[in-house]
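Asker: I have a structure I would like to understand better, so I am pasting it below and will then ask my questions one at a time.
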Amino acid sequence: MPSHVPTSCNYCGGENEITVTDSLDGHMHECRTQCKDCGKRDYWEHGYFESSQEIEGKCDTYGK
């Protein structure tokens with residue numbers, strides 16, 4: 001399963017602002033996101049958005 005790009009909104013595919021909440025050696029592990037287009041907030045953790053448990057995601061992915 002391809003992992004989610006945190007700068008891409010999982011609700012609309014727009015651009016997210018991110019706030020890093022956990023990182024190690026310069027590699028982000030977790031962040032809060034808010035879309036600049038639709039305003040939705042989400043949480044990205046270890047490659048996946050929390051909202052993917054409830055919606056069919058529209059974000060960009062790595063490894064398509």
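Labels for the structure tokens follow display order: chains A, B, ..., residues from 1 in each chain, ligands from 1.
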Considering only C-alpha atoms, return as a PyMOL selection string whatever protein or nucleic-acid residues lie within 8 Å of Asp42 of chain A, sequence-local ones (same chain, fewer than 5 positions apart) excluded.

Answerer: chain A and resi 32-34+49-51

Asker: Which residues come within 9 Å of Glu56 of chain A, counting only C-alpha atoms, excluding same-chain residues fewer than 4 positions away, as a ChimeraX atom specification?

Answerer: /A:10-11,51-52

Asker: From the options A:Tyr43, A:Glu54, A:Asp60, A:Lys36, which residue's atoms come nearest to Asp22 of chain A, counting only C-alpha atoms?

Answerer: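 Distance minimum relative to Asp22 of chain A lands on A:Tyr43.
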
Asker: At what distance in Å, to one decimal, does atom CA of Trp44 of chain A lie from atom CA of Pro6 of chain A?

Answerer: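 Computing the Euclidean distance for atom CA of Pro6 of chain A and atom CA of Trp44 of chain A yields 6.4 Å.
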
Asker: Using only C-alpha atoms, can you tell me which of A:Gly63, A:Gly47, A:Gly13, A:Pro2 comes closest to Cys35 of chain A?

Answerer: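 The shortest atom-to-atom distance to Cys35 of chain A comes from A:Gly13.
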
Asker: Set the distance at 8 Å and use only C-alpha atoms: which residues neighbour Cys12 of chain A once local chain neighbours fewer than 2 positions away are removed? I'd like the list as a list in words.

Answerer: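 Counting only C-alpha atoms, the residues come to Cys9, Asn10, Gly14, Cys38, Lys58 and Cys59 of chain A.
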
Asker: Please measure the separation of atom CA of Ser8 of chain A and atom CA of Asp25 of chain A, giving the value in Å to one decimal.

Answerer: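 These atoms are spaced 23.1 Å apart.
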
Asker: Would you mind telling me which residue in A:Asn16, A:Arg41, A:Val5, A:Ile55 lies nearest to Met28 of chain A when using only C-alpha atoms?

Answerer: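 Nearest to Met28 of chain A: A:Val5.
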
Asker: Report, in Å with one decimal, the straight-line distance from atom CA of Thr21 of chain A to atom CA of His4 of chain A.

Answerer: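 Separation between atom CA of Thr21 of chain A and atom CA of His4 of chain A: 16.8 Å.
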
Asker: Check segment 11-53 of chain A with DSSP on the backbone and list each residue it calls helix (DSSP H, G or I), as a PyMOL selection string.

Answerer: chain A and resi 50-53

Asker: Take the residues from that selection and write them out as a PDB file, in the first residue's frame, keeping C-alpha atoms.

Answerer:
```pdb
ATOM      1  CA  GLU A  50      -5.894   9.229  10.330  1.00  0.00           C
ATOM      2  CA  SER A  51      -8.917  10.183   8.171  1.00  0.00           C
ATOM      3  CA  SER A  52      -8.260   7.224   5.844  1.00  0.00           C
ATOM      4  CA  GLN A  53     -10.073   5.034   8.353  1.00  0.00           C
TER       5      GLN A  53
END
```

Asker: How would you write, as a list in words, the set of residues in chain A that DSSP gives as strand (DSSP E or B)?

Answerer: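 Checking each residue of chain A, the strand (DSSP E or B) ones are His4, Ser8, Glu15, Asn16, Glu17, Ile18, Thr19, Val20, Thr21, Asp22, Ser23, Leu24, His27, Met28, His29, Glu30, Cys31, Arg32, Thr33, Gln34, Cys35, Arg41, Asp42, Tyr43, Trp44, Glu45, Tyr48, Phe49 and Thr61 of chain A.
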